file protein.tsv (TSV, C-alpha atoms)
chain	number	residue	atom	x	y	z
A	1	MET	CA	118.79	82.50	122.48
A	2	VAL	CA	117.65	78.96	121.70
A	3	ASP	CA	114.60	78.70	119.44
A	4	MET	CA	112.86	75.98	121.44
A	5	ALA	CA	110.06	75.50	118.91
A	6	LYS	CA	112.53	74.92	116.08
A	7	ALA	CA	114.69	72.62	118.20
A	8	ALA	CA	111.68	70.58	119.28
A	9	LYS	CA	110.54	70.27	115.65
A	10	THR	CA	113.97	68.87	114.72
A	11	PHE	CA	113.72	66.14	117.35
A	12	ARG	CA	110.13	65.32	116.41
A	13	ALA	CA	111.23	64.87	112.80
A	14	PHE	CA	114.05	62.60	113.94
A	15	THR	CA	111.52	60.58	115.93
A	16	GLU	CA	109.71	59.81	112.69
A	17	GLU	CA	113.00	58.94	110.96
A	18	CYS	CA	113.80	56.39	113.67
A	19	LYS	CA	110.50	54.51	113.45
A	20	GLY	CA	111.07	50.94	112.35
A	21	SER	CA	114.83	51.34	112.72
A	22	SER	CA	115.69	52.30	116.30
A	23	ARG	CA	113.08	52.08	119.05
A	24	LEU	CA	115.57	53.48	121.55
A	25	TYR	CA	116.33	56.64	119.59
A	26	GLU	CA	112.67	56.98	118.62
A	27	ARG	CA	111.64	57.09	122.31
A	28	LEU	CA	114.57	59.27	123.38
A	29	SER	CA	114.05	61.77	120.58
A	30	ALA	CA	110.34	62.12	121.31
A	31	ALA	CA	111.13	62.83	124.97
A	32	VAL	CA	113.91	65.33	124.22
A	33	ALA	CA	111.48	67.24	121.97
A	34	GLY	CA	109.42	68.09	125.06
A	35	ASP	CA	112.30	68.79	127.45
A	36	PRO	CA	113.56	72.44	127.43
A	37	GLU	CA	116.70	71.65	129.44
A	38	MET	CA	117.78	68.91	127.03
A	39	LEU	CA	116.93	71.05	124.02
A	40	ALA	CA	119.14	73.78	125.44
A	41	LEU	CA	122.01	71.31	125.82
A	42	ALA	CA	121.55	70.02	122.25
A	43	SER	CA	121.54	73.58	120.90
A	44	HIS	CA	125.32	73.77	121.40
A	45	ALA	CA	125.84	71.62	118.29
A	46	ARG	CA	127.80	73.19	115.45
A	47	PRO	CA	125.69	75.08	112.90
A	48	GLY	CA	124.56	72.92	110.01
A	49	GLN	CA	124.94	69.64	111.88
A	50	PRO	CA	122.01	67.19	112.35
A	51	VAL	CA	121.46	67.97	116.04
A	52	PRO	CA	119.69	64.76	117.22
A	53	ASN	CA	122.30	62.52	115.57
A	54	LEU	CA	125.07	64.52	117.19
A	55	LEU	CA	123.55	64.51	120.69
A	56	PHE	CA	122.85	60.77	120.65
A	57	ALA	CA	126.29	60.01	119.21
A	58	ALA	CA	127.97	62.10	121.93
A	59	ALA	CA	126.20	60.11	124.67
A	60	HIS	CA	126.94	56.81	122.89
A	61	TYR	CA	130.60	57.82	122.55
A	62	LEU	CA	130.94	58.30	126.32
A	63	LEU	CA	129.10	55.06	127.01
A	64	LEU	CA	131.46	53.14	124.72
A	65	GLN	CA	134.30	54.52	126.85
A	66	GLY	CA	132.66	53.04	129.96
A	67	LYS	CA	131.54	56.36	131.45
A	68	ASP	CA	128.24	55.30	132.96
A	69	ARG	CA	127.21	55.72	136.58
A	70	CYS	CA	123.45	55.69	136.15
A	71	GLY	CA	122.73	52.49	134.21
A	72	LEU	CA	122.08	53.99	130.76
A	73	ALA	CA	124.34	51.44	129.06
A	74	GLY	CA	121.80	48.74	129.95
A	75	PHE	CA	119.51	50.05	127.19
A	76	TYR	CA	122.10	49.89	124.36
A	77	ARG	CA	122.39	46.70	122.33
A	78	THR	CA	125.96	47.72	121.47
A	79	LEU	CA	126.77	47.38	125.17
A	80	THR	CA	124.58	44.53	126.39
A	81	ASP	CA	123.04	41.37	124.94
A	82	GLN	CA	119.75	42.02	126.73
A	83	PRO	CA	118.94	45.73	126.54
A	84	GLY	CA	116.16	47.19	128.65
A	85	GLU	CA	112.80	48.38	127.37
A	86	PRO	CA	113.35	51.57	125.27
A	87	GLY	CA	110.26	53.21	126.75
A	88	GLU	CA	111.92	53.21	130.17
A	89	ALA	CA	115.27	54.69	129.06
A	90	TYR	CA	114.65	58.42	129.03
A	91	PRO	CA	115.12	59.21	132.76
A	92	PHE	CA	118.49	57.40	132.61
A	93	PHE	CA	119.45	59.20	129.39
A	94	ARG	CA	118.49	62.61	130.76
A	95	ARG	CA	120.44	62.11	133.98
A	96	PHE	CA	123.46	60.79	132.07
A	97	CYS	CA	123.54	63.77	129.70
A	98	LEU	CA	123.12	66.41	132.40
A	99	GLU	CA	125.68	64.78	134.70
A	100	ASN	CA	128.16	64.56	131.81
A	101	ALA	CA	127.33	67.90	130.20
A	102	GLY	CA	130.91	69.05	130.70
A	103	GLU	CA	132.09	66.30	128.34
A	104	ILE	CA	129.11	66.32	125.99
A	105	LEU	CA	129.32	70.05	125.22
A	106	PRO	CA	132.83	69.90	123.66
A	107	LEU	CA	131.74	66.92	121.55
A	108	LEU	CA	128.71	68.84	120.25
A	109	GLN	CA	130.94	71.79	119.41
A	110	THR	CA	133.80	69.90	117.73
A	111	LYS	CA	132.54	66.62	116.27
A	112	LEU	CA	130.81	66.06	112.93
A	113	VAL	CA	128.10	63.61	111.87
A	114	GLN	CA	129.94	61.35	109.42
A	115	THR	CA	128.27	57.97	109.48
A	116	ASN	CA	129.99	56.47	106.41
A	117	GLU	CA	127.22	53.87	106.11
A	118	VAL	CA	128.75	51.10	104.00
A	119	ARG	CA	125.45	49.50	102.94
A	120	ARG	CA	124.52	52.62	100.96
A	121	CYS	CA	126.94	51.17	98.40
A	122	ALA	CA	124.17	48.68	97.60
A	123	TYR	CA	122.25	51.41	95.76
A	124	LEU	CA	125.38	53.13	94.48
A	125	TYR	CA	126.46	49.93	92.72
A	126	PRO	CA	123.67	49.86	90.08
A	127	ALA	CA	124.07	53.61	89.57
A	128	PHE	CA	127.76	53.21	88.78
A	129	CYS	CA	126.93	50.24	86.53
A	130	TRP	CA	124.50	52.51	84.67
A	131	ALA	CA	127.15	55.23	84.31
A	132	TYR	CA	129.65	52.73	82.91
A	133	ALA	CA	127.11	51.41	80.42
A	134	ARG	CA	126.11	54.95	79.38
A	135	PHE	CA	129.62	56.27	78.79
A	136	GLY	CA	131.59	53.11	78.02
A	137	LYS	CA	134.60	54.37	79.97
A	138	PRO	CA	136.29	53.50	83.28
A	139	LEU	CA	135.16	55.58	86.24
A	140	ALA	CA	137.11	58.25	88.12
A	141	LEU	CA	135.53	58.67	91.56
A	142	LEU	CA	135.43	61.88	93.56
A	143	GLU	CA	133.42	61.61	96.80
A	144	LEU	CA	132.34	64.69	98.73
A	145	GLY	CA	131.91	64.17	102.47
A	146	THR	CA	133.93	60.97	102.36
A	147	SER	CA	134.56	60.58	106.12
A	148	ALA	CA	136.85	57.51	106.22
A	149	GLY	CA	136.46	56.66	102.51
A	150	LEU	CA	134.58	53.38	102.85
A	151	GLN	CA	132.09	54.18	100.08
A	152	LEU	CA	134.99	54.77	97.69
A	153	LEU	CA	135.65	51.02	97.88
A	154	TRP	CA	132.20	50.01	96.59
A	155	ASP	CA	133.83	47.90	93.83
A	156	GLU	CA	135.61	45.80	96.48
A	157	TYR	CA	132.31	44.64	98.00
A	158	GLY	CA	129.82	41.93	97.07
A	159	TYR	CA	126.06	42.59	96.73
A	160	ASP	CA	123.15	40.27	97.41
A	161	TYR	CA	119.83	41.61	96.15
A	162	GLY	CA	118.02	38.30	96.53
A	163	GLY	CA	117.38	35.73	93.83
A	164	GLY	CA	120.63	33.82	94.27
A	165	ALA	CA	123.06	35.96	92.24
A	166	VAL	CA	125.91	37.89	93.89
A	167	TYR	CA	127.14	41.02	92.14
A	168	GLY	CA	130.35	42.99	92.56
A	169	LYS	CA	133.66	41.65	93.84
A	170	ALA	CA	133.63	37.85	93.85
A	171	GLY	CA	134.57	36.37	97.22
A	172	SER	CA	134.70	39.73	98.99
A	173	ALA	CA	134.91	39.73	102.79
A	174	MET	CA	132.12	42.34	102.68
A	175	LEU	CA	128.78	41.03	101.41
A	176	LEU	CA	126.05	43.66	101.55
A	177	LYS	CA	122.41	42.60	101.44
A	178	SER	CA	119.72	44.96	100.22
A	179	ASP	CA	116.17	44.50	98.94
A	180	ILE	CA	115.17	45.86	95.54
A	181	ARG	CA	111.59	47.03	95.66
A	182	GLY	CA	109.84	47.13	92.32
A	183	LYS	CA	111.72	46.31	89.14
A	184	ARG	CA	115.32	45.11	89.11
A	185	PRO	CA	117.71	47.48	87.28
A	186	ASN	CA	118.64	46.20	83.82
A	187	CYS	CA	122.09	47.76	84.16
A	188	LEU	CA	123.31	45.51	86.99
A	189	LEU	CA	126.67	43.93	86.17
A	190	ILE	CA	127.91	40.73	87.77
A	191	ASN	CA	131.45	42.15	87.85
A	192	PRO	CA	132.05	45.74	88.94
A	193	PRO	CA	132.83	48.47	86.41
A	194	PRO	CA	136.54	49.40	86.18
A	195	VAL	CA	137.70	52.27	88.39
A	196	LYS	CA	140.73	54.26	87.25
A	197	ALA	CA	141.05	56.79	90.10
A	198	ARG	CA	139.40	57.57	93.44
A	199	ILE	CA	139.68	60.55	95.77
A	200	GLY	CA	137.62	61.50	98.83
A	201	VAL	CA	137.23	64.98	100.35
A	202	ASP	CA	135.95	65.91	103.80
A	203	LEU	CA	136.17	68.79	106.28
A	204	HIS	CA	137.55	66.21	108.68
A	205	VAL	CA	138.93	62.96	107.31
A	206	ASN	CA	138.51	60.00	109.64
A	207	ASP	CA	141.38	57.55	109.85
A	208	LEU	CA	140.09	54.13	110.88
A	209	ARG	CA	143.58	53.22	112.08
A	210	ASP	CA	143.18	55.94	114.71
A	211	PRO	CA	141.33	54.61	117.83
A	212	GLU	CA	139.67	58.00	118.44
A	213	ASP	CA	138.26	58.28	114.90
A	214	ARG	CA	137.14	54.67	114.92
A	215	LEU	CA	135.38	55.10	118.27
A	216	TRP	CA	133.53	58.19	117.04
A	217	LEU	CA	132.35	56.46	113.87
A	218	SER	CA	131.19	53.53	116.03
A	219	ALA	CA	129.29	55.94	118.30
A	220	LEU	CA	127.44	57.38	115.31
A	221	ILE	CA	125.94	53.96	114.58
A	222	TRP	CA	122.52	53.52	116.17
A	223	PRO	CA	122.55	51.08	119.12
A	224	GLU	CA	120.36	48.37	117.58
A	225	HIS	CA	122.35	48.33	114.33
A	226	THR	CA	124.90	45.67	115.21
A	227	GLU	CA	125.20	44.64	111.55
A	228	ARG	CA	126.35	48.17	110.71
A	229	LEU	CA	129.09	47.85	113.32
A	230	GLU	CA	130.23	44.64	111.67
A	231	HIS	CA	130.26	46.41	108.30
A	232	LEU	CA	132.43	49.14	109.80
A	233	LYS	CA	134.93	46.57	111.10
A	234	ARG	CA	135.12	44.72	107.79
A	235	GLY	CA	135.32	47.96	105.86
A	236	ALA	CA	138.21	49.12	108.03
A	237	SER	CA	140.05	45.90	107.25
A	238	LEU	CA	139.49	46.29	103.50
A	239	LEU	CA	140.51	49.93	103.64
A	240	ASN	CA	143.76	48.85	105.25
A	241	GLU	CA	144.33	46.49	102.31
A	242	HIS	CA	143.23	49.04	99.68
A	243	PRO	CA	144.09	52.54	100.96
A	244	VAL	CA	142.46	55.45	99.17
A	245	ASP	CA	143.48	59.06	98.58
A	246	LEU	CA	141.65	61.22	101.15
A	247	ARG	CA	141.97	65.02	101.18
A	248	GLU	CA	140.95	67.29	104.04
A	249	GLY	CA	139.30	70.58	103.20
A	250	HIS	CA	136.16	72.29	101.90
A	251	ALA	CA	134.84	70.22	99.01
A	252	MET	CA	133.55	73.18	97.00
A	253	ARG	CA	136.94	74.89	97.14
A	254	LEU	CA	138.90	71.77	96.17
A	255	LEU	CA	136.56	70.39	93.52
A	256	PRO	CA	137.89	72.23	90.43
A	257	GLU	CA	141.53	71.35	91.12
A	258	LEU	CA	140.80	67.72	91.96
A	259	ALA	CA	138.57	67.30	88.91
A	260	ALA	CA	141.30	68.73	86.68
A	261	GLY	CA	143.71	66.06	87.93
A	262	MET	CA	141.44	63.13	87.06
A	263	PRO	CA	142.40	60.98	84.02
A	264	ASP	CA	140.93	62.20	80.73
A	265	ASP	CA	140.10	58.70	79.50
A	266	ALA	CA	137.66	58.12	82.39
A	267	VAL	CA	134.20	59.51	83.14
A	268	LEU	CA	134.37	61.69	86.24
A	269	CYS	CA	131.83	60.60	88.88
A	270	VAL	CA	131.24	63.14	91.63
A	271	PHE	CA	129.08	61.55	94.32
A	272	HIS	CA	127.89	62.09	97.87
A	273	THR	CA	125.32	60.38	100.12
A	274	HIS	CA	123.48	61.94	103.07
A	275	VAL	CA	125.80	64.92	103.40
A	276	ALA	CA	124.10	67.56	101.24
A	277	ASN	CA	121.63	68.27	104.06
A	278	GLN	CA	124.65	69.89	105.76
A	279	PHE	CA	125.42	72.09	102.71
A	280	SER	CA	124.32	75.71	102.86
A	281	ALA	CA	122.28	77.14	99.99
A	282	GLY	CA	125.47	78.90	98.89
A	283	ASP	CA	127.41	75.60	98.94
A	284	LYS	CA	124.79	73.93	96.76
A	285	ALA	CA	124.80	76.77	94.25
A	286	GLU	CA	128.61	76.77	94.16
A	287	LEU	CA	128.70	73.00	93.65
A	288	ARG	CA	126.27	73.17	90.74
A	289	GLU	CA	128.26	75.97	89.12
A	290	HIS	CA	131.53	74.03	89.44
A	291	LEU	CA	129.89	70.98	87.90
A	292	ARG	CA	128.44	73.04	85.05
A	293	MET	CA	131.87	74.44	84.22
A	294	ILE	CA	133.55	71.02	84.47
A	295	GLY	CA	130.77	69.51	82.35
A	296	LYS	CA	131.62	71.89	79.52
A	297	ARG	CA	135.06	70.32	79.27
A	298	ARG	CA	134.50	66.62	79.94
A	299	SER	CA	131.95	63.86	80.57
A	300	LEU	CA	130.68	64.09	84.11
A	301	VAL	CA	128.28	62.23	86.40
A	302	HIS	CA	126.83	63.73	89.60
A	303	LEU	CA	125.27	61.09	91.88
A	304	TYR	CA	123.63	62.33	95.08
A	305	ASN	CA	120.74	62.40	97.51
A	306	ASN	CA	119.54	64.73	100.30
A	307	MET	CA	120.23	67.79	98.15
A	308	GLU	CA	116.88	68.45	96.50
A	309	ASP	CA	114.83	65.71	98.16
A	310	GLY	CA	115.37	62.29	99.71
A	311	ARG	CA	115.66	60.43	96.41
A	312	LEU	CA	118.80	59.28	94.62
A	313	HIS	CA	119.59	61.49	91.64
A	314	LEU	CA	122.04	60.94	88.80
A	315	ASP	CA	122.67	64.03	86.67
A	316	TYR	CA	125.26	63.98	83.93
A	317	TYR	CA	126.94	66.13	81.30
A	318	LEU	CA	127.59	64.82	77.81
A	319	ASP	CA	128.99	67.05	75.06
A	320	GLY	CA	128.43	70.02	77.36
A	321	LYS	CA	124.70	69.37	77.79
A	322	GLU	CA	123.17	68.59	81.16
A	323	TYR	CA	120.74	65.70	81.72
A	324	ARG	CA	118.89	65.06	84.98
A	325	ASN	CA	117.59	61.75	86.24
A	326	ILE	CA	115.91	60.45	89.38
A	327	MET	CA	117.33	56.96	89.89
A	328	ALA	CA	115.75	55.56	93.03
A	329	GLU	CA	114.00	55.98	96.33
A	330	THR	CA	116.31	54.68	99.04
A	331	ASP	CA	116.38	53.67	102.67
A	332	GLY	CA	118.73	55.90	104.64
A	333	HIS	CA	120.89	52.95	105.66
A	334	GLY	CA	120.72	51.10	102.34
A	335	ARG	CA	118.50	48.25	103.53
A	336	TRP	CA	116.32	48.66	100.41
A	337	PHE	CA	115.89	50.82	97.35
A	338	HIS	CA	113.16	51.30	94.76
A	339	TRP	CA	114.62	51.69	91.27
A	340	LEU	CA	112.81	54.45	89.31
A	341	LEU	CA	114.93	55.11	86.24
A	342	GLU	CA	113.44	54.10	82.92
A	343	GLU	CA	116.25	52.27	81.12
A	344	GLU	CA	116.70	51.76	77.41
call {"tool": "encode", "arguments": {"input": "protein.tsv", "output": "structure tokens"}}
result
Amino acid sequence: MVDMAKAAKTFRAFTEECKGSSRLYERLSAAVAGDPEMLALASHARPGQPVPNLLFAAAHYLLLQGKDRCGLAGFYRTLTDQPGEPGEAYPFFRRFCLENAGEILPLLQTKLVQTNEVRRCAYLYPAFCWAYARFGKPLALLELGTSAGLQLLWDEYGYDYGGGAVYGKAGSAMLLKSDIRGKRPNCLLINPPPVKARIGVDLHVNDLRDPEDRLWLSALIWPEHTERLEHLKRGASLLNEHPVDLREGHAMRLLPELAAGMPDDAVLCVFHTHVANQFSAGDKAELREHLRMIGKRRSLVHLYNNMEDGRLHLDYYLDGKEYRNIMAETDGHGRWFHWLLEEE
């Protein structure tokens, strides 16, 4: 039986998350929260998945395929240059979802929320610079929940934090702009730290050369976020030029073996962004235990958010001892971050 109160609470929380970022999803989510029939449809999402994201992505996915008989596409900036007023969209959205429930249900039951937001690399970059400065070694990257692997290529991108300087890869086709609120990190390097190895792990690896995978990742992008779509296209092109090693499977099961295969003369950096909210309590405990055991044998960095709270954390092991740091408060899509770490 569907817990309507819990489902409604989830959509109300998503409404707040969308404020200032997507007026369309803000209005749709608020309306779904009060609609038992739509909440029942959304309840078919796989356990552990962010239900609002999945429902809206499923509808967007069908719209991108041209399956629209009721005019819903007219409210999506990804599908029209002059989208309709978001406050008028819900009757069209409701009708679309109920008429296409036979196609939406399998998507809710089989697809995963894997946004692979490239601009999050804008706050990863100073964190990796800090790790390089702290350990003085090249980095070996191991990303959990890698999706298509675009964040593994953070050292191939350029970064504009304002003030005229560009950090990262000089002349990169991908220039990511992000605002630094508060103090500027002292650790920022003009040129990216050296990376010696990189591996990504996911329950389902997305291949951006595959039209189906690329369409689904496009559908996960919120309709007003046309810049994010452009980032996805450019990232796909760079990934084609610089392919990365992606492994499919359960990250907690694969972590010890993959970590053991990383070069000894590099600092191992295990990182993940906006995926830990899909980890069970058991997964989180298992991850921490694996990291503790690995940290006894080698230098290790664990960079993450959405595991304890919404902030960016960087924990590390040095000489077998664990250190914990809160690095930054971040925008979910990397548009800004507030650096918190006190640097030497």
call {"tool": "closest_atom_pairs", "arguments": {"input": "protein.tsv", "of": "segment 211-296 of chain A", "to": "segment 96-120 of chain A", "cutoff": "7 Å", "atoms": "only C-alpha atoms", "output": "CSV"}}
result
residue,atom,partner,partner_atom,distance
A:Leu217,CA,A:Thr115,CA,6.2
A:Leu220,CA,A:Thr115,CA,5.9
A:Ile221,CA,A:Thr115,CA,6.9
A:His231,CA,A:Val118,CA,6.5
call {"tool": "closest_residue", "arguments": {"input": "protein.tsv", "among": "A:Glu224, A:Glu26, A:Glu329, A:Asp319", "to": "Phe75 of chain A", "atoms": "all atoms listed in the file"}}
result
A:Glu224
call {"tool": "closest_residue", "arguments": {"input": "protein.tsv", "among": "A:Tyr167, A:Tyr132, A:Trp336, A:Tyr317", "to": "Leu189 of chain A", "atoms": "all atoms listed in the file"}}
result
A:Tyr167
call {"tool": "atom_distance", "arguments": {"input": "protein.tsv", "atom1": "atom CA of Ala236 of chain A", "atom2": "atom CA of Ala58 of chain A"}}
result
21.6 Å
call {"tool": "residues_around", "arguments": {"input": "protein.tsv", "residues": "Pro83 of chain A", "least_positions_apart": "6", "cutoff": "12 Å", "atoms": "all atoms listed in the file", "output": "tab-separated table (two decimals) with C-alpha atoms, keeping the file's coordinate frame"}}
result
chain	number	residue	atom	x	y	z
A	23	ARG	CA	113.08	52.08	119.05
A	24	LEU	CA	115.57	53.48	121.55
A	71	GLY	CA	122.73	52.49	134.21
A	72	LEU	CA	122.08	53.99	130.76
A	73	ALA	CA	124.34	51.44	129.06
A	74	GLY	CA	121.80	48.74	129.95
A	75	PHE	CA	119.51	50.05	127.19
A	76	TYR	CA	122.10	49.89	124.36
A	77	ARG	CA	122.39	46.70	122.33
A	89	ALA	CA	115.27	54.69	129.06
A	223	PRO	CA	122.55	51.08	119.12
A	224	GLU	CA	120.36	48.37	117.58
call {"tool": "residues_around", "arguments": {"input": "protein.tsv", "residues": "Met174 of chain A", "least_positions_apart": "2", "cutoff": "8 Å", "atoms": "only C-alpha atoms", "output": "list in words"}}
result
Glu156, Tyr157, Gly158, Ser172, Leu176, His231, Arg234 and Gly235 of chain A
call {"tool": "closest_residue", "arguments": {"input": "protein.tsv", "among": "A:Asp309, A:Asp35, A:Glu342, A:Asp331", "to": "Gly20 of chain A", "atoms": "only C-alpha atoms"}}
result
A:Asp331
call {"tool": "residues_around", "arguments": {"input": "protein.tsv", "residues": "Tyr161 of chain A", "least_positions_apart": "3", "cutoff": "8 Å", "atoms": "only C-alpha atoms", "output": "JSON, numbers by chain"}}
result
{"A": [165, 166, 177, 178, 179, 180]}
call {"tool": "closest_residue", "arguments": {"input": "protein.tsv", "among": "A:Phe271, A:Tyr25, A:Trp154, A:Trp222", "to": "Leu238 of chain A", "atoms": "all atoms listed in the file"}}
result
A:Trp154
